[in-house]
Amino acid sequence: MSHKILAVYASALGDHSTSRSLAKHWLSRQAATEVTELDLSLNPVPHLSGEMVSAFFTPEEQKSAAQKELTEYSNNLIEQVKNADTVLIAAPMYNFGSPSTLKAWFDQLARAGVTFTYTENGPEGLIRDTKVVLVTTSGGFYKDSVIDFHEPYIKHFLSFIGIDDVTVIYAEGLNMGDDHKESALTQAKVALEAI
Ligand SMILES: Cc1cc2nc3c(=O)[nH]c(=O)nc-3n(C[C@H](O)[C@H](O)[C@H](O)COP(=O)(O)O)c2cc1C
């Protein structure tokens, strides 16, 4: 059976990233038929520009060559997600929210008429049948706190584009001493192995 995985790493720390190494722990245990990796720090997705936004909103037949190219770039990122059975996202908390590299990627995925639409009942996500495994790391403890603008934001965004099957693995308190870090990592690995 096909199991295609898109693995997205949002930490700036590359091989030294804890969220990435936890995500790799899960990945190494999967019988995936295809794995695509996207390191948002090494290969950052550009921030939205005025040109990009107007390209997205220009009807296909009126787009200039440059606008077609900008739309194509966003389309390709969306296709990567749609093509995956599971998207694995490894993302640390940065300054109470998500890394801006992850936000820039999300901004390219949110496209009216492509990944979401508005109906009389409100917004409706257009991505179907994609699951997400989210590995989130933080130096302190924020789970279920009102100042966690990271995990709730990611879950809400994914739901907005149609992805409601999201399994979250937390490794929290990683900067609260070595003993705590060890136990948080062990617990996160056990939780990852149980997925
Ligand atoms: C720029 C930066 C900002 C951070 N902001 C927070 C924060 O707001 N709250 C927190 O608990 N930890 C914060 N941390 C700590 C990281 O979330 C923590 O070290 C995490 O394990 C990093 O994961 P990574 O190794 O995958 O990058 C921050 C770390 C960095 C580098």
# chains A, B, ... in the order shown; residues from 1 in each chain; ligands from 1

$ residues_near_ligand --ligand "ligand 1" --cutoff "7 Å" --atoms "only C-alpha atoms and all ligand atoms" --output "PDB file with N, CA and C atoms, in the first residue's frame"
ATOM      1  N   SER A  11      12.826  24.028  12.310  1.00  0.00           N
ATOM      2  CA  SER A  11      13.856  24.572  13.200  1.00  0.00           C
ATOM      3  C   SER A  11      14.988  25.183  12.385  1.00  0.00           C
ATOM      4  N   ALA A  12      15.630  26.199  12.961  1.00  0.00           N
ATOM      5  CA  ALA A  12      16.804  26.806  12.307  1.00  0.00           C
ATOM      6  C   ALA A  12      18.062  25.974  12.555  1.00  0.00           C
ATOM      7  N   LEU A  13      17.961  24.941  13.410  1.00  0.00           N
ATOM      8  CA  LEU A  13      19.183  24.269  13.867  1.00  0.00           C
ATOM      9  C   LEU A  13      19.623  23.062  13.049  1.00  0.00           C
ATOM     10  N   HIS A  16      21.148  19.703  14.395  1.00  0.00           N
ATOM     11  CA  HIS A  16      21.164  19.827  15.866  1.00  0.00           C
ATOM     12  C   HIS A  16      19.768  20.049  16.437  1.00  0.00           C
ATOM     13  N   SER A  17      18.786  20.028  15.578  1.00  0.00           N
ATOM     14  CA  SER A  17      17.423  20.303  16.023  1.00  0.00           C
ATOM     15  C   SER A  17      16.790  19.105  16.721  1.00  0.00           C
ATOM     16  N   THR A  18      16.203  19.357  17.877  1.00  0.00           N
ATOM     17  CA  THR A  18      15.540  18.286  18.631  1.00  0.00           C
ATOM     18  C   THR A  18      14.233  17.876  17.961  1.00  0.00           C
ATOM     19  N   SER A  19      13.456  18.851  17.496  1.00  0.00           N
ATOM     20  CA  SER A  19      12.183  18.493  16.848  1.00  0.00           C
ATOM     21  C   SER A  19      12.456  17.651  15.602  1.00  0.00           C
ATOM     22  N   ARG A  20      13.499  18.019  14.887  1.00  0.00           N
ATOM     23  CA  ARG A  20      13.842  17.269  13.685  1.00  0.00           C
ATOM     24  C   ARG A  20      14.293  15.846  14.047  1.00  0.00           C
ATOM     25  N   ALA A  91       8.363  21.240  14.457  1.00  0.00           N
ATOM     26  CA  ALA A  91       8.395  22.691  14.641  1.00  0.00           C
ATOM     27  C   ALA A  91       8.606  23.079  16.104  1.00  0.00           C
ATOM     28  N   PRO A  92       9.701  23.769  16.391  1.00  0.00           N
ATOM     29  CA  PRO A  92       9.873  24.286  17.753  1.00  0.00           C
ATOM     30  C   PRO A  92       9.007  25.512  17.983  1.00  0.00           C
ATOM     31  N   MET A  93       8.770  25.822  19.252  1.00  0.00           N
ATOM     32  CA  MET A  93       8.151  27.127  19.563  1.00  0.00           C
ATOM     33  C   MET A  93       9.252  28.172  19.511  1.00  0.00           C
ATOM     34  N   TYR A  94       8.994  29.253  18.795  1.00  0.00           N
ATOM     35  CA  TYR A  94       9.891  30.405  18.785  1.00  0.00           C
ATOM     36  C   TYR A  94       9.103  31.624  19.241  1.00  0.00           C
ATOM     37  N   ASN A  95       9.538  32.215  20.336  1.00  0.00           N
ATOM     38  CA  ASN A  95       8.917  33.455  20.825  1.00  0.00           C
ATOM     39  C   ASN A  95       7.393  33.358  20.895  1.00  0.00           C
ATOM     40  N   PHE A  96       6.973  32.274  21.539  1.00  0.00           N
ATOM     41  CA  PHE A  96       5.557  31.985  21.850  1.00  0.00           C
ATOM     42  C   PHE A  96       4.723  31.561  20.648  1.00  0.00           C
ATOM     43  N   GLY A  97       5.319  31.611  19.472  1.00  0.00           N
ATOM     44  CA  GLY A  97       4.584  31.216  18.275  1.00  0.00           C
ATOM     45  C   GLY A  97       5.384  30.207  17.471  1.00  0.00           C
ATOM     46  N   THR A 137       8.369  21.188  19.928  1.00  0.00           N
ATOM     47  CA  THR A 137       9.321  21.261  21.042  1.00  0.00           C
ATOM     48  C   THR A 137       9.281  22.670  21.628  1.00  0.00           C
ATOM     49  N   SER A 138       9.578  22.743  22.924  1.00  0.00           N
ATOM     50  CA  SER A 138       9.682  24.071  23.535  1.00  0.00           C
ATOM     51  C   SER A 138      10.587  24.000  24.750  1.00  0.00           C
ATOM     52  N   GLY A 139      11.189  25.152  25.064  1.00  0.00           N
ATOM     53  CA  GLY A 139      12.088  25.219  26.217  1.00  0.00           C
ATOM     54  C   GLY A 139      11.313  25.184  27.515  1.00  0.00           C
ATOM     55  N   GLY A 140      10.127  25.793  27.527  1.00  0.00           N
ATOM     56  CA  GLY A 140       9.286  25.821  28.726  1.00  0.00           C
ATOM     57  C   GLY A 140       8.039  24.978  28.524  1.00  0.00           C
ATOM     58  N   PHE A 141       7.030  25.267  29.349  1.00  0.00           N
ATOM     59  CA  PHE A 141       5.781  24.490  29.307  1.00  0.00           C
ATOM     60  C   PHE A 141       4.632  25.391  28.858  1.00  0.00           C
ATOM     61  N   TYR A 142       3.995  25.039  27.784  1.00  0.00           N
ATOM     62  CA  TYR A 142       2.935  25.896  27.234  1.00  0.00           C
ATOM     63  C   TYR A 142       1.663  25.143  26.869  1.00  0.00           C
ATOM     64  N   GLY A 173       9.547  21.684  27.947  1.00  0.00           N
ATOM     65  CA  GLY A 173      10.454  21.891  29.085  1.00  0.00           C
ATOM     66  C   GLY A 173      11.874  21.446  28.763  1.00  0.00           C
ATOM     67  N   LEU A 174      12.271  21.575  27.493  1.00  0.00           N
ATOM     68  CA  LEU A 174      13.585  21.054  27.095  1.00  0.00           C
ATOM     69  C   LEU A 174      14.740  21.918  27.598  1.00  0.00           C
ATOM     70  N   ASN A 175      14.425  23.115  28.062  1.00  0.00           N
ATOM     71  CA  ASN A 175      15.486  23.970  28.633  1.00  0.00           C
ATOM     72  C   ASN A 175      15.343  24.086  30.148  1.00  0.00           C
TER      73      ASN A 175
END

$ residues_around --residues "Arg111 of chain A" --least-positions-apart "4" --cutoff "10 Å" --atoms "only C-alpha atoms" --output "MDAnalysis selection string"
chainID A and resid 53 56:57 71 74:75 78 106:107 115:117 126 161

$ select_by_dssp --residues "segment 16-109 of chain A" --states "helix (DSSP H, G or I)" --output "PyMOL selection string"
chain A and resi 16+18-28+50-57+60-62+65-83+100-109

$ write_last_selection --atoms "N, CA and C atoms" --output "short mmCIF file (atom, residue, chain, number, x, y, z; two decimals), in the first residue's frame"
data_model
loop_
_atom_site.label_atom_id
_atom_site.label_comp_id
_atom_site.auth_asym_id
_atom_site.auth_seq_id
_atom_site.Cartn_x
_atom_site.Cartn_y
_atom_site.Cartn_z
N HIS A 16 21.15 19.70 14.40
CA HIS A 16 21.16 19.83 15.87
C HIS A 16 19.77 20.05 16.44
N THR A 18 16.20 19.36 17.88
CA THR A 18 15.54 18.29 18.63
C THR A 18 14.23 17.88 17.96
N SER A 19 13.46 18.85 17.50
CA SER A 19 12.18 18.49 16.85
C SER A 19 12.46 17.65 15.60
N ARG A 20 13.50 18.02 14.89
CA ARG A 20 13.84 17.27 13.69
C ARG A 20 14.29 15.85 14.05
N SER A 21 15.11 15.72 15.10
CA SER A 21 15.58 14.36 15.42
C SER A 21 14.43 13.50 15.93
N LEU A 22 13.47 14.08 16.66
CA LEU A 22 12.29 13.30 17.06
C LEU A 22 11.47 12.90 15.83
N ALA A 23 11.32 13.85 14.91
CA ALA A 23 10.55 13.55 13.69
C ALA A 23 11.24 12.43 12.90
N LYS A 24 12.57 12.48 12.86
CA LYS A 24 13.32 11.44 12.13
C LYS A 24 13.16 10.08 12.81
N HIS A 25 13.03 10.11 14.14
CA HIS A 25 12.82 8.86 14.88
C HIS A 25 11.53 8.20 14.39
N TRP A 26 10.49 9.01 14.25
CA TRP A 26 9.21 8.48 13.75
C TRP A 26 9.36 8.02 12.30
N LEU A 27 10.01 8.87 11.50
CA LEU A 27 10.15 8.59 10.07
C LEU A 27 10.88 7.27 9.84
N SER A 28 11.92 7.02 10.66
CA SER A 28 12.73 5.82 10.46
C SER A 28 11.93 4.54 10.71
N GLY A 50 3.69 41.68 -2.55
CA GLY A 50 2.54 42.24 -3.27
C GLY A 50 2.36 41.54 -4.61
N GLU A 51 3.48 41.25 -5.27
CA GLU A 51 3.42 40.59 -6.59
C GLU A 51 2.77 39.20 -6.45
N MET A 52 3.16 38.50 -5.39
CA MET A 52 2.60 37.14 -5.21
C MET A 52 1.10 37.20 -4.98
N VAL A 53 0.71 38.09 -4.06
CA VAL A 53 -0.72 38.15 -3.72
C VAL A 53 -1.52 38.53 -4.96
N SER A 54 -1.01 39.52 -5.73
CA SER A 54 -1.82 39.90 -6.89
C SER A 54 -1.79 38.80 -7.96
N ALA A 55 -0.68 38.05 -8.04
CA ALA A 55 -0.66 36.91 -8.98
C ALA A 55 -1.73 35.90 -8.61
N PHE A 56 -1.83 35.60 -7.30
CA PHE A 56 -2.82 34.60 -6.87
C PHE A 56 -4.25 35.02 -7.24
N PHE A 57 -4.50 36.35 -7.18
CA PHE A 57 -5.87 36.82 -7.40
C PHE A 57 -6.17 37.19 -8.85
N GLU A 60 -6.53 33.12 -14.25
CA GLU A 60 -5.51 32.36 -14.97
C GLU A 60 -5.20 32.93 -16.36
N GLU A 61 -6.29 33.22 -17.11
CA GLU A 61 -6.09 33.65 -18.51
C GLU A 61 -5.52 35.07 -18.62
N GLN A 62 -5.54 35.80 -17.48
CA GLN A 62 -4.99 37.18 -17.54
C GLN A 62 -3.61 37.29 -16.90
N ALA A 65 3.52 36.22 -17.56
CA ALA A 65 4.43 35.08 -17.39
C ALA A 65 4.98 35.06 -15.97
N ALA A 66 5.31 36.24 -15.43
CA ALA A 66 5.86 36.30 -14.06
C ALA A 66 4.80 35.87 -13.04
N GLN A 67 3.56 36.27 -13.27
CA GLN A 67 2.49 35.88 -12.34
C GLN A 67 2.22 34.38 -12.39
N LYS A 68 2.35 33.83 -13.60
CA LYS A 68 2.18 32.36 -13.73
C LYS A 68 3.25 31.63 -12.94
N GLU A 69 4.46 32.16 -13.02
CA GLU A 69 5.58 31.51 -12.32
C GLU A 69 5.37 31.57 -10.79
N LEU A 70 4.92 32.72 -10.30
CA LEU A 70 4.69 32.86 -8.85
C LEU A 70 3.56 31.93 -8.40
N THR A 71 2.52 31.81 -9.21
CA THR A 71 1.40 30.93 -8.85
C THR A 71 1.85 29.47 -8.90
N GLU A 72 2.67 29.16 -9.89
CA GLU A 72 3.18 27.80 -10.05
C GLU A 72 3.98 27.37 -8.81
N TYR A 73 4.77 28.31 -8.28
CA TYR A 73 5.58 28.02 -7.09
C TYR A 73 4.67 27.61 -5.92
N SER A 74 3.62 28.41 -5.69
CA SER A 74 2.66 28.09 -4.63
C SER A 74 1.93 26.78 -4.94
N ASN A 75 1.53 26.61 -6.21
CA ASN A 75 0.84 25.37 -6.61
C ASN A 75 1.69 24.14 -6.30
N ASN A 76 2.99 24.25 -6.56
CA ASN A 76 3.86 23.09 -6.34
C ASN A 76 3.92 22.73 -4.85
N LEU A 77 3.97 23.76 -3.99
CA LEU A 77 3.98 23.48 -2.54
C LEU A 77 2.67 22.82 -2.12
N ILE A 78 1.57 23.29 -2.69
CA ILE A 78 0.26 22.70 -2.37
C ILE A 78 0.21 21.25 -2.87
N GLU A 79 0.72 21.02 -4.07
CA GLU A 79 0.73 19.65 -4.62
C GLU A 79 1.52 18.70 -3.74
N GLN A 80 2.65 19.20 -3.19
CA GLN A 80 3.45 18.35 -2.29
C GLN A 80 2.60 17.87 -1.12
N VAL A 81 1.78 18.78 -0.59
CA VAL A 81 0.92 18.42 0.56
C VAL A 81 -0.17 17.46 0.11
N LYS A 82 -0.82 17.79 -1.01
CA LYS A 82 -1.93 16.94 -1.49
C LYS A 82 -1.44 15.55 -1.86
N ASN A 83 -0.22 15.48 -2.36
CA ASN A 83 0.34 14.22 -2.82
C ASN A 83 0.71 13.30 -1.64
N SER A 100 8.93 31.67 11.85
CA SER A 100 8.37 32.44 10.73
C SER A 100 8.53 31.69 9.41
N THR A 101 9.50 30.77 9.36
CA THR A 101 9.65 29.95 8.15
C THR A 101 8.42 29.08 7.92
N LEU A 102 7.84 28.60 9.03
CA LEU A 102 6.63 27.77 8.91
C LEU A 102 5.46 28.63 8.48
N LYS A 103 5.38 29.84 9.03
CA LYS A 103 4.31 30.77 8.67
C LYS A 103 4.40 31.12 7.18
N ALA A 104 5.64 31.31 6.69
CA ALA A 104 5.81 31.66 5.27
C ALA A 104 5.32 30.50 4.38
N TRP A 105 5.59 29.27 4.82
CA TRP A 105 5.11 28.09 4.07
C TRP A 105 3.59 28.05 4.09
N PHE A 106 3.00 28.25 5.29
CA PHE A 106 1.54 28.26 5.39
C PHE A 106 0.94 29.34 4.48
N ASP A 107 1.60 30.51 4.42
CA ASP A 107 1.06 31.61 3.61
C ASP A 107 1.01 31.24 2.12
N GLN A 108 1.90 30.33 1.72
CA GLN A 108 1.87 29.88 0.32
C GLN A 108 0.82 28.78 0.11
N LEU A 109 0.45 28.12 1.19
CA LEU A 109 -0.53 27.02 1.08
C LEU A 109 -1.97 27.54 1.13
#

$ closest_residue --among "A:Leu40, A:Val35, A:Arg29, A:Val146" --to "Lys189 of chain A" --atoms "only C-alpha atoms"
A:Arg29

$ atom_distance --atom1 "atom CA of Tyr9 of chain A" --atom2 "atom CA of His180 of chain A"
23.7 Å

$ select_by_dssp --residues "segment 130-182 of chain A" --states "strand (DSSP E)" --output "VMD selection string"
chain A and resid 131 to 137 166 to 171

$ atom_distance --atom1 "atom CA of Glu37 of chain A" --atom2 "atom CA of Lys143 of chain A"
27.0 Å

$ atom_distance --atom1 "atom CA of Leu158 of chain A" --atom2 "atom CA of Leu192 of chain A"
20.0 Å

$ residues_around --residues "Ala31 of chain A" --least-positions-apart "4" --cutoff "10 Å" --atoms "only C-alpha atoms" --output "ChimeraX atom specification"
/A:1-5,27,35

$ residues_around --residues "segment 164-169 of chain A" --least-positions-apart "3" --cutoff "7 Å" --atoms "only C-alpha atoms" --output "number ranges by chain"
A: 131-136, 158-159, 188, 191-192
